[in-house]
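J.: Here it is, the structure in full.
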Amino acid sequence: MRSGRDGAGGGELGLTRSRGWKSRPWAIAGSAGPGVPVLAVAGAVFGAVVLVLSDSGRDPNTTTALFSGLVGGLYLVTGLVTHLRRPGRLGLRMVTVGIAWFAEDLQISSDPGPHTAGMFLRSAASGCLVHLLLAFPDGRLRTRVERILTGVVYVIVGVLVPLGVPFYRSVTPNLLFVADLSRPQNTLFDGAQVVVAVAVVALLVRRWIVATPPARRVLAPVYGVGLVGSIAAILDSALAESGASSLNAVAHLATLGLPVAFLAGALRVRLGRTAVADLLLDLPRTPHADLRDLLARALGDPTLRIAYHHPDETGSPDSYVDGAGQPVTPGPYDAITPVRRDERVVAVFLHDPALRADRHVLHAVSAAAALELDNQRLAATVRAQLAEVRASRVRIVAAADEQRRRIERDLHDGAQQQLVTTALVLRLARDRLDPEGTDRELDALLRRAADGLEAGLTELRELARGIHPAVLTEAGLLPALRALAARSASPVRVVDGPALPPLAARVAATVYFVAAEAVTNAAKHARASAVHVHVRASGNRLLVTVADDGVGGADLSAGTGLLGLRDRVAALDGTLVVRSFPGAGTSVHADLPLEGP
Amino acid sequence: MTIAATPATPATTTATTATTTTASTTGVTRVVLADDSALFRVALVELLEGNGCRVVAQAGDAERLLDAVERERPDLAVVDIRMPPTQHLEGLRAAVLLRRRHPVTGTLLLSQHLEVAHLDELVGRTARGVGYLLKDRVTGPDFLDAVRRVAAGGCAFDPEVVPLLAGGRGRRDELAELSPRERQVLGLMAQGRSNAAIADELHLTTRTVETHVRNIFVRLALPDETEHNRRVLAVLTYLRSA
């Protein structure tokens with residue numbers, strides 16, 4: 001048994017795993033100690049002795065030595081198997097029940113010595129069984145209520161019952177008999193038994209109600225056998241007069257079956273480990289998108305989620321994102337298990353707390369998936385950062401547009417308005433000059449000032465138009481493109497298509513600036529005799545083409561403004577392509593979403 | 001004569017005859033002025049009042065402009081295209097409204113930059129009593145002439161309008177077939193000048209100008225229009241269409 005487990009761990013898992021985790025299951029098993037097998041053997045010897053000692057006092061109508069030996073022996077054997085197959089204290093609890101079971105039988109002996117000793121231990125198995133039930137399946141008590149109840153039971157069977165021994169009269173002589181208080185004791189302990197039974201059943205029912213499917217799978221054998229046994233025993237005592245011996249047999253069988261059910265439940269947890277082996281085989285063949293499903297299958301938890309620490313909020317440990325960079329919020333009942341790679345947490349599993357019943361499986365699955373999850377974490381990080389960069393690029397474009405618009409308006413409403421007013425005042429001044437006057441030099445000076453102002457106004461107007469054409473916001477893209485064509489030095493024709501749908505301001509501005517740059521390049525470098533600007537909407541895309549019949553040979557990377565515009569188009573999820581061959585003209589194509597990102 | 005007694009000046013009554021250059025000589029042109037800059041208004045008022053006009057009301061925004069025109073029924077409204085509250089196209093919208101509500105009042109729109117789209121919206125289907133000029137033109141020699149023409153029911157378009165209309169519409173090639181003199185005449189025609197004014201400007205005889213105009217109409221296959229405003233509109237429509 002033991003070598004078998006060692007082989008499984010060191011063989012299949014050892015091939016792909018570092019050694020670090022392997023010590024952990026061993027450490028847990030070691031805490032229960034190698035004493036459990038020794039204890040089981042000692043318990044078996046003790047049981048044999050008890051059976052021999054008690055044989056004389058057995059009532060043939062109730063429990064035979066064979067049945068008693070079978071039940072106690074089964075607890076010892078199944079406890080030992082559980083201990084060897086699963087780390088933790090569950091095996092120890094089961095072996096303890098087996099020993100206590102034999103100890104209870106000691107009082108059956110008709111020999112006063114063993115009988116009196118057995119009187120002290122006559123409820124030991126009940127106490128150990130309550131502990132086992134409440135600690136199932138991981139061998140540990142989890143809640144305060146469970147610990148208190150177990151403690152109370154141990155006080156009753158380990159302190160109160162022994163204290164009552166001198167005051168209990170039994171058929172076989174009680175060597176320590178002082179006075180007869182049997183009846184109050186019976187009343188007291190029967191009452192305590194009912195209260196404890198109700199409390200235990202209530203806790204078990206509650207646990208079943210809150211349990212998730214994987215947890216119920218583990219609980220089912222014990223609950224099933226326990227339920228059948230309890231019902232049979234209750235009916236049996238209720239129908240005692242009619243002598244329904246078959247019910248009694250069912251109750252006995254259930255008692256025999258309970259240790260087997262504990263083992264079965266424990267092994268159901270254990271079954272998950274074969275899934276780890278399957279996982280290792282499937283992992284390299286699984287597409288990234290199916291990784292979660294694969295891991296969920298291996299862990300037997302359909303609610304499993306995989307999350308990553310938020311790349312930008314390493315300071316807050318509870319901030320997670322999924323593979324797409326979207327935030328993930330752990331549910332109130334989610335258990336969180338970190339997946340480590342070289343001591344670094346690469347991801348976390350958000351899973352059913354019941355999976356903690358076998359940490360070995362959880363560790364093995366997370367270890368097997370760590371490399372793949374680390375890759376996905378890096379991919380998620382990159383995607384999250386990319387999304388942020390794209391959003392910020394769009395914001396930069398929008399901010400630049402807004403700034404250009406504001407500058408253009410400030411020029412028109414501020415500087416230009418002032419200059420026009422000044423030029424007008426200058427005209428009024430010139431009008432006052434006596435046309436027949438002799439001060440021709442003053443008139444010439446004023447005229448030079450007026451000419452300078454006029455030239456300045458023209459320049460300012462062109463500057464404002466270049467920064468951001470007002471017509472783009474006032475009348476839309478097509479009128480702006482026509483104005484661009486009309487003012488171009490070379491002949492530019494805007495080809496009318498079907499009416500464009502309403503455009504986002506940044507989309508219209510981007511297309512305008514692309515066309516303006518291409519038209520300028522055609523006039524400056526291409527020596528084109530004709531330039532065509534064609535804008536049309538197709539589906540949810542806006543397509544713009546600026547084609548000339550010039551010398552060609554333009555290069556996007558050769559320092560033209562188009563390079564910056566390609567970034568601008570890309571910021572809006574679009575593409576900009578330049579096709580230019582010597583002698584075959586140049587065409588610039590931009591293709592971007594109508595809505596913008 | 002008193003202004004109150006003659007709300008319609010001789011200038012407007014003779015508008016249909018399109019003898020625009022003489023309109024202001026027969027009376028005072030009553031003007032409403034709309035611009036959000038008080039300094040500019042003061043200077044423009046001085047210019048206008050020193051040249052045969054009387055500014056009967058001033059407005060800093062479109063709403064007051066409409067009220068003032070409703071109240072004063074002037075010969076002319078001079079309107080800046082950008083006005084509060086948005087500093088956008090309030091002036092244009094108001095000018096379009098004025099032209100519909102008060103066809104007798106001429107509307108002269110001033111702007112820091114010229115756009116064909118705005119011209120189309122302003123002019124609509126009749127070029128009567130309408131003008132569209134760069135704001136800078138107020139300092140030039142032709143501004144007062146444009147004021148008189150529009151007040152008298154004629155039209156006045158900025159010299160930049162012709163290349164703007166023709167550019168980007170594929171009309172460049174056809175215009176290139178005209179002689180330089182014919183292109184000059186076409187440009188002045190598109191600005192709304194009468195044959196006499198064109199002759200004056202180019203130092204030609206009226207008869208020569210008429211010959212040029214006939215040739216232009218034949219070469220560009222324009223409908224033969226004798227009435228002045230319709231002739232201007234035909235030219236604008238030709239330039240605008242592709």
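Order determines the names: the first chain of the structure tokens is A, the second B, and so forth; residues in each chain are numbered 1 upward, and ligands are numbered 1 upward as they are shown.
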Contacts of His212 in chain B at 10 Å or less, counting only C-alpha atoms, minus same-chain residues fewer than 2 places along, as a ChimeraX atom specification?

T.: /B:179,181-186,206-210,214-218

J.: Taking N, CA, C and O atoms for each residue, export the selection above as a JSON list (two decimals), in the first residue's frame.

T.:
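After the write, result.json holds the following:
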```json
[["chain", "number", "residue", "atom", "x", "y", "z"],
["B", 179, "SER", "N", -11.12, 82.75, -71.94],
["B", 179, "SER", "CA", -9.96, 83.65, -72.02],
["B", 179, "SER", "C", -9.79, 84.32, -70.66],
["B", 179, "SER", "O", -10.73, 84.36, -69.87],
["B", 181, "ARG", "N", -9.69, 87.38, -69.84],
["B", 181, "ARG", "CA", -10.65, 88.47, -69.70],
["B", 181, "ARG", "C", -12.04, 87.94, -69.35],
["B", 181, "ARG", "O", -12.74, 88.46, -68.50],
["B", 182, "GLU", "N", -12.40, 86.85, -70.05],
["B", 182, "GLU", "CA", -13.71, 86.24, -69.77],
["B", 182, "GLU", "C", -13.79, 85.71, -68.35],
["B", 182, "GLU", "O", -14.82, 85.82, -67.68],
["B", 183, "ARG", "N", -12.68, 85.13, -67.87],
["B", 183, "ARG", "CA", -12.66, 84.63, -66.48],
["B", 183, "ARG", "C", -12.85, 85.78, -65.50],
["B", 183, "ARG", "O", -13.55, 85.66, -64.51],
["B", 184, "GLN", "N", -12.19, 86.93, -65.83],
["B", 184, "GLN", "CA", -12.36, 88.11, -64.98],
["B", 184, "GLN", "C", -13.82, 88.54, -64.92],
["B", 184, "GLN", "O", -14.36, 88.80, -63.84],
["B", 185, "VAL", "N", -14.44, 88.58, -66.08],
["B", 185, "VAL", "CA", -15.84, 89.00, -66.16],
["B", 185, "VAL", "C", -16.73, 88.03, -65.40],
["B", 185, "VAL", "O", -17.62, 88.43, -64.64],
["B", 186, "LEU", "N", -16.45, 86.73, -65.58],
["B", 186, "LEU", "CA", -17.24, 85.71, -64.87],
["B", 186, "LEU", "C", -17.11, 85.90, -63.36],
["B", 186, "LEU", "O", -18.10, 85.82, -62.61],
["B", 206, "THR", "N", -19.54, 99.20, -71.71],
["B", 206, "THR", "CA", -20.62, 98.28, -71.33],
["B", 206, "THR", "C", -20.89, 97.29, -72.45],
["B", 206, "THR", "O", -21.15, 96.11, -72.21],
["B", 207, "ARG", "N", -20.79, 97.77, -73.68],
["B", 207, "ARG", "CA", -21.04, 96.92, -74.84],
["B", 207, "ARG", "C", -20.05, 95.76, -74.89],
["B", 207, "ARG", "O", -20.43, 94.61, -75.12],
["B", 208, "THR", "N", -18.77, 96.05, -74.64],
["B", 208, "THR", "CA", -17.75, 95.00, -74.63],
["B", 208, "THR", "C", -18.06, 93.96, -73.55],
["B", 208, "THR", "O", -17.97, 92.75, -73.77],
["B", 209, "VAL", "N", -18.42, 94.46, -72.36],
["B", 209, "VAL", "CA", -18.76, 93.53, -71.27],
["B", 209, "VAL", "C", -19.92, 92.64, -71.69],
["B", 209, "VAL", "O", -19.89, 91.42, -71.47],
["B", 210, "GLU", "N", -20.95, 93.26, -72.31],
["B", 210, "GLU", "CA", -22.10, 92.45, -72.75],
["B", 210, "GLU", "C", -21.67, 91.36, -73.71],
["B", 210, "GLU", "O", -22.17, 90.22, -73.65],
["B", 214, "ARG", "N", -22.10, 87.34, -73.14],
["B", 214, "ARG", "CA", -22.76, 86.44, -74.10],
["B", 214, "ARG", "C", -21.87, 85.25, -74.43],
["B", 214, "ARG", "O", -22.30, 84.10, -74.43],
["B", 215, "ASN", "N", -20.59, 85.54, -74.70],
["B", 215, "ASN", "CA", -19.65, 84.48, -75.04],
["B", 215, "ASN", "C", -19.53, 83.44, -73.90],
["B", 215, "ASN", "O", -19.51, 82.24, -74.15],
["B", 216, "ILE", "N", -19.44, 83.97, -72.68],
["B", 216, "ILE", "CA", -19.31, 83.07, -71.52],
["B", 216, "ILE", "C", -20.51, 82.14, -71.46],
["B", 216, "ILE", "O", -20.39, 80.92, -71.29],
["B", 217, "PHE", "N", -21.71, 82.72, -71.61],
["B", 217, "PHE", "CA", -22.92, 81.91, -71.52],
["B", 217, "PHE", "C", -22.98, 80.86, -72.60],
["B", 217, "PHE", "O", -23.43, 79.73, -72.37],
["B", 218, "VAL", "N", -22.51, 81.20, -73.78],
["B", 218, "VAL", "CA", -22.50, 80.22, -74.87],
["B", 218, "VAL", "C", -21.48, 79.12, -74.59],
["B", 218, "VAL", "O", -21.76, 77.92, -74.68]]
```

J.: Using only C-alpha atoms, select each residue of chain A with any atom at most 7 Å away from an atom of chain B, and give the selection as a list of chain:residue names.

T.: A:His412, A:Val420, A:Thr421, A:Ala423, A:Leu424, A:Val425, A:Arg427, A:Leu428, A:Arg461, A:Val471, A:Ala475, A:Pro479, A:Arg482, A:Ala483, A:Ala485, A:Ala486, A:Arg487, A:Val492, A:Arg493, A:Val494

J.: Would you mind reading off the distance between CA of Arg73 in chain B and CA of Asp145 in chain B, one decimal, in Å?

T.: 21.0 Å

J.: Near Arg383 in chain A, counting only C-alpha atoms, which residues have an atom at most 9 Å away, once you skip same-chain residues fewer than 3 positions from it, shown as an mmCIF file with all heavy atoms, in the first residue's frame?

T.:
```cif
data_model
loop_
_atom_site.group_PDB
_atom_site.id
_atom_site.type_symbol
_atom_site.label_atom_id
_atom_site.label_comp_id
_atom_site.auth_asym_id
_atom_site.auth_seq_id
_atom_site.Cartn_x
_atom_site.Cartn_y
_atom_site.Cartn_z
ATOM 1 N N GLY A 323 -8.631 36.081 -17.907
ATOM 2 C CA GLY A 323 -7.702 36.009 -19.024
ATOM 3 C C GLY A 323 -7.876 37.130 -20.024
ATOM 4 O O GLY A 323 -6.955 37.480 -20.753
ATOM 5 N N ALA A 324 -9.079 37.730 -20.062
ATOM 6 C CA ALA A 324 -9.330 38.815 -21.010
ATOM 7 C C ALA A 324 -9.029 40.176 -20.404
ATOM 8 O O ALA A 324 -9.266 41.195 -21.039
ATOM 9 C CB ALA A 324 -10.787 38.766 -21.472
ATOM 10 N N GLY A 325 -8.532 40.199 -19.159
ATOM 11 C CA GLY A 325 -8.205 41.468 -18.531
ATOM 12 C C GLY A 325 -9.380 42.106 -17.809
ATOM 13 O O GLY A 325 -9.275 43.208 -17.306
ATOM 14 N N LEU A 378 0.768 36.098 -18.275
ATOM 15 C CA LEU A 378 1.538 37.090 -19.035
ATOM 16 C C LEU A 378 0.694 37.641 -20.180
ATOM 17 O O LEU A 378 0.669 38.845 -20.425
ATOM 18 C CB LEU A 378 2.821 36.445 -19.580
ATOM 19 C CG LEU A 378 3.850 36.122 -18.509
ATOM 20 C CD1 LEU A 378 4.998 35.321 -19.107
ATOM 21 C CD2 LEU A 378 4.379 37.401 -17.882
ATOM 22 N N ALA A 379 -0.025 36.728 -20.855
ATOM 23 C CA ALA A 379 -0.881 37.170 -21.959
ATOM 24 C C ALA A 379 -1.962 38.103 -21.451
ATOM 25 O O ALA A 379 -2.255 39.135 -22.063
ATOM 26 C CB ALA A 379 -1.507 35.953 -22.654
ATOM 27 N N ALA A 380 -2.558 37.757 -20.295
ATOM 28 C CA ALA A 380 -3.610 38.614 -19.729
ATOM 29 C C ALA A 380 -3.046 39.978 -19.366
ATOM 30 O O ALA A 380 -3.674 41.015 -19.588
ATOM 31 C CB ALA A 380 -4.220 37.937 -18.497
ATOM 32 N N LEU A 386 -2.369 46.483 -23.131
ATOM 33 C CA LEU A 386 -2.661 46.906 -24.502
ATOM 34 C C LEU A 386 -3.979 47.668 -24.547
ATOM 35 O O LEU A 386 -4.090 48.731 -25.180
ATOM 36 C CB LEU A 386 -2.734 45.680 -25.413
ATOM 37 C CG LEU A 386 -2.771 45.961 -26.908
ATOM 38 C CD1 LEU A 386 -1.496 46.643 -27.343
ATOM 39 C CD2 LEU A 386 -2.970 44.676 -27.693
ATOM 40 N N ALA A 387 -4.980 47.120 -23.833
ATOM 41 C CA ALA A 387 -6.286 47.799 -23.798
ATOM 42 C C ALA A 387 -6.115 49.203 -23.239
ATOM 43 O O ALA A 387 -6.698 50.170 -23.750
ATOM 44 C CB ALA A 387 -7.266 46.991 -22.946
ATOM 45 N N GLU A 388 -5.279 49.327 -22.201
ATOM 46 C CA GLU A 388 -5.070 50.636 -21.584
ATOM 47 C C GLU A 388 -4.347 51.574 -22.554
ATOM 48 O O GLU A 388 -4.695 52.743 -22.685
ATOM 49 C CB GLU A 388 -4.274 50.460 -20.282
ATOM 50 C CG GLU A 388 -3.914 51.744 -19.570
ATOM 51 C CD GLU A 388 -5.107 52.674 -19.396
ATOM 52 O OE1 GLU A 388 -6.232 52.161 -19.205
ATOM 53 O OE2 GLU A 388 -4.923 53.902 -19.477
#
```

J.: Show which residues sit within 8 Å of range 56-62 of chain B, as a list of chain:residue names. Count only C-alpha atoms, and ignore same-chain residues fewer than 3 positions away.

T.: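 These residues fall inside the cut-off: B:Arg30, B:Val31, B:Val32, B:Leu33, B:Ala34, B:Asp35, B:Asp36, B:Ser37, B:Ala38, B:Arg41, B:Leu65, B:Leu66, B:Ala68, B:Glu72, B:Pro74, B:Met83, B:Pro84, B:Pro85, B:Glu90, B:Gly91, B:Ala94.
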
J.: Emit the selected residues as a short mmCIF file (atom, residue, chain, number, x, y, z; two decimals), in the first residue's frame, including all heavy atoms.

T.:
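Output (again-v9.cif):
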```cif
data_model
loop_
_atom_site.label_atom_id
_atom_site.label_comp_id
_atom_site.auth_asym_id
_atom_site.auth_seq_id
_atom_site.Cartn_x
_atom_site.Cartn_y
_atom_site.Cartn_z
N ARG B 30 -30.93 102.35 -44.22
CA ARG B 30 -31.11 102.06 -42.79
C ARG B 30 -30.56 100.66 -42.50
O ARG B 30 -30.94 99.69 -43.14
CB ARG B 30 -32.58 102.15 -42.42
CG ARG B 30 -33.17 103.53 -42.70
CD ARG B 30 -34.64 103.61 -42.43
NE ARG B 30 -34.97 103.50 -41.02
CZ ARG B 30 -35.55 102.45 -40.47
NH1 ARG B 30 -35.86 101.42 -41.22
NH2 ARG B 30 -35.81 102.43 -39.19
N VAL B 31 -29.68 100.59 -41.52
CA VAL B 31 -28.93 99.36 -41.28
C VAL B 31 -29.11 98.88 -39.84
O VAL B 31 -29.10 99.69 -38.91
CB VAL B 31 -27.42 99.57 -41.55
CG1 VAL B 31 -26.62 98.30 -41.25
CG2 VAL B 31 -27.19 100.02 -42.99
N VAL B 32 -29.29 97.56 -39.67
CA VAL B 32 -29.16 96.94 -38.34
C VAL B 32 -27.86 96.15 -38.35
O VAL B 32 -27.57 95.43 -39.31
CB VAL B 32 -30.36 96.02 -38.04
CG1 VAL B 32 -30.06 95.13 -36.84
CG2 VAL B 32 -31.61 96.84 -37.78
N LEU B 33 -27.09 96.30 -37.26
CA LEU B 33 -25.75 95.73 -37.22
C LEU B 33 -25.68 94.68 -36.10
O LEU B 33 -26.05 94.97 -34.96
CB LEU B 33 -24.77 96.87 -36.98
CG LEU B 33 -23.28 96.57 -36.95
CD1 LEU B 33 -22.87 95.86 -38.22
CD2 LEU B 33 -22.52 97.88 -36.79
N ALA B 34 -25.22 93.48 -36.44
CA ALA B 34 -25.12 92.43 -35.41
C ALA B 34 -23.71 91.86 -35.39
O ALA B 34 -23.24 91.27 -36.37
CB ALA B 34 -26.14 91.32 -35.70
N ASP B 35 -23.04 92.06 -34.24
CA ASP B 35 -21.70 91.50 -34.04
C ASP B 35 -21.47 91.51 -32.54
O ASP B 35 -21.87 92.46 -31.86
CB ASP B 35 -20.63 92.35 -34.75
CG ASP B 35 -19.29 91.65 -34.81
OD1 ASP B 35 -18.70 91.39 -33.72
OD2 ASP B 35 -18.83 91.36 -35.93
N ASP B 36 -20.85 90.46 -32.01
CA ASP B 36 -20.72 90.40 -30.55
C ASP B 36 -19.57 91.26 -30.04
O ASP B 36 -19.44 91.45 -28.85
CB ASP B 36 -20.60 88.96 -30.06
CG ASP B 36 -19.35 88.29 -30.57
OD1 ASP B 36 -19.05 88.47 -31.77
OD2 ASP B 36 -18.68 87.57 -29.81
N SER B 37 -18.75 91.81 -30.94
CA SER B 37 -17.67 92.68 -30.48
C SER B 37 -18.13 94.14 -30.57
O SER B 37 -18.37 94.69 -31.65
CB SER B 37 -16.42 92.48 -31.35
OG SER B 37 -15.56 93.59 -31.21
N ALA B 38 -18.24 94.77 -29.39
CA ALA B 38 -18.70 96.17 -29.34
C ALA B 38 -17.70 97.09 -30.04
O ALA B 38 -18.09 98.03 -30.73
CB ALA B 38 -18.89 96.59 -27.88
N ARG B 41 -18.25 96.96 -33.68
CA ARG B 41 -19.49 97.64 -34.05
C ARG B 41 -19.30 99.15 -34.09
O ARG B 41 -19.74 99.83 -35.03
CB ARG B 41 -20.62 97.28 -33.07
CG ARG B 41 -21.11 95.86 -33.16
CD ARG B 41 -22.51 95.73 -32.60
NE ARG B 41 -22.63 96.27 -31.25
CZ ARG B 41 -22.60 95.54 -30.13
NH1 ARG B 41 -22.45 94.23 -30.21
NH2 ARG B 41 -22.71 96.12 -28.96
N LEU B 65 -30.86 90.55 -32.76
CA LEU B 65 -30.86 90.91 -34.18
C LEU B 65 -32.25 90.71 -34.78
O LEU B 65 -32.79 91.61 -35.44
CB LEU B 65 -29.82 90.05 -34.92
CG LEU B 65 -29.96 90.01 -36.45
CD1 LEU B 65 -29.65 91.37 -37.05
CD2 LEU B 65 -29.06 88.94 -37.05
N LEU B 66 -32.83 89.52 -34.52
CA LEU B 66 -34.15 89.24 -35.08
C LEU B 66 -35.19 90.23 -34.56
O LEU B 66 -36.04 90.73 -35.31
CB LEU B 66 -34.56 87.80 -34.75
CG LEU B 66 -33.71 86.72 -35.44
CD1 LEU B 66 -34.06 85.33 -34.93
CD2 LEU B 66 -33.88 86.77 -36.96
N ALA B 68 -34.62 93.29 -33.52
CA ALA B 68 -34.36 94.62 -34.07
C ALA B 68 -34.88 94.74 -35.50
O ALA B 68 -35.48 95.76 -35.88
CB ALA B 68 -32.86 94.92 -34.01
N GLU B 72 -37.51 97.40 -36.66
CA GLU B 72 -37.04 98.53 -37.46
C GLU B 72 -37.30 98.36 -38.96
O GLU B 72 -37.29 99.35 -39.70
CB GLU B 72 -35.53 98.75 -37.25
CG GLU B 72 -35.13 99.03 -35.81
CD GLU B 72 -35.57 100.40 -35.34
OE1 GLU B 72 -35.91 101.24 -36.22
OE2 GLU B 72 -35.59 100.65 -34.13
N PRO B 74 -35.31 97.37 -41.43
CA PRO B 74 -34.25 98.16 -42.10
C PRO B 74 -34.10 97.74 -43.56
O PRO B 74 -34.69 96.75 -44.00
CB PRO B 74 -33.01 97.81 -41.30
CG PRO B 74 -33.28 96.41 -40.86
CD PRO B 74 -34.76 96.29 -40.64
N MET B 83 -21.71 84.17 -33.37
CA MET B 83 -22.24 85.00 -32.29
C MET B 83 -22.53 84.13 -31.08
O MET B 83 -22.60 82.91 -31.18
CB MET B 83 -23.49 85.73 -32.77
CG MET B 83 -23.15 87.02 -33.51
SD MET B 83 -24.54 88.12 -33.69
CE MET B 83 -25.47 87.29 -34.94
N PRO B 84 -22.71 84.75 -29.93
CA PRO B 84 -23.06 83.97 -28.74
C PRO B 84 -24.41 83.28 -28.95
O PRO B 84 -25.20 83.76 -29.78
CB PRO B 84 -23.15 85.02 -27.62
CG PRO B 84 -22.45 86.22 -28.17
CD PRO B 84 -22.60 86.17 -29.64
N PRO B 85 -24.76 82.24 -28.23
CA PRO B 85 -23.99 81.72 -27.09
C PRO B 85 -22.91 80.71 -27.49
O PRO B 85 -21.97 80.51 -26.74
CB PRO B 85 -25.06 81.02 -26.25
CG PRO B 85 -26.10 80.60 -27.24
CD PRO B 85 -26.07 81.61 -28.35
N GLU B 90 -24.58 80.87 -35.27
CA GLU B 90 -25.80 81.59 -34.92
C GLU B 90 -26.14 82.65 -35.96
O GLU B 90 -27.30 82.82 -36.35
CB GLU B 90 -25.65 82.28 -33.56
CG GLU B 90 -26.11 81.44 -32.40
CD GLU B 90 -25.02 80.50 -31.94
OE1 GLU B 90 -23.97 80.48 -32.61
OE2 GLU B 90 -25.21 79.80 -30.95
N GLY B 91 -25.10 83.36 -36.45
CA GLY B 91 -25.33 84.42 -37.41
C GLY B 91 -25.89 83.89 -38.72
O GLY B 91 -26.79 84.49 -39.33
N ALA B 94 -29.53 82.89 -38.22
CA ALA B 94 -30.36 84.10 -38.13
C ALA B 94 -30.53 84.74 -39.50
O ALA B 94 -31.63 85.18 -39.86
CB ALA B 94 -29.72 85.09 -37.16
#
```

J.: Do you have the CA of Thr510 in chain A-CA of Leu565 in chain A distance handy?

T.: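 Value for the CA of Thr510 in chain A-CA of Leu565 in chain A distance: 7.7 Å.
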
J.: Applying 10 Å and only C-alpha atoms, which residues near Thr126 in chain B remain after dropping the ones on its own chain fewer than 6 positions away? List them as a PyMOL selection string.

T.: chain B and resi 99+155+229-230+232-233

J.: Could you jot down the CA of Leu236 in chain B to CA of Gln416 in chain A separation for me, Å, one decimal place?

T.: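 Spanning CA of Leu236 in chain B to CA of Gln416 in chain A is a straight-line distance of 28.5 Å.
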
J.: Determine which residues of range 174-308 of chain A DSSP labels as alpha helix (DSSP H) from the backbone of this structure, then write them out as a VMD selection string.

T.: chain A and resid 182 to 210 213 to 238 245 to 282 291 to 299

J.: List as a list in words the protein and nucleic acid residues near Gln191 in chain B, meaning an atom at most 7 Å away when only C-alpha atoms are counted, but skip any in the same chain fewer than 3 places from it.

T.: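 Contacts, with the query itself left out: Ala156, Phe157, Asp158, Pro159, Gly187 and Leu188 of chain B.
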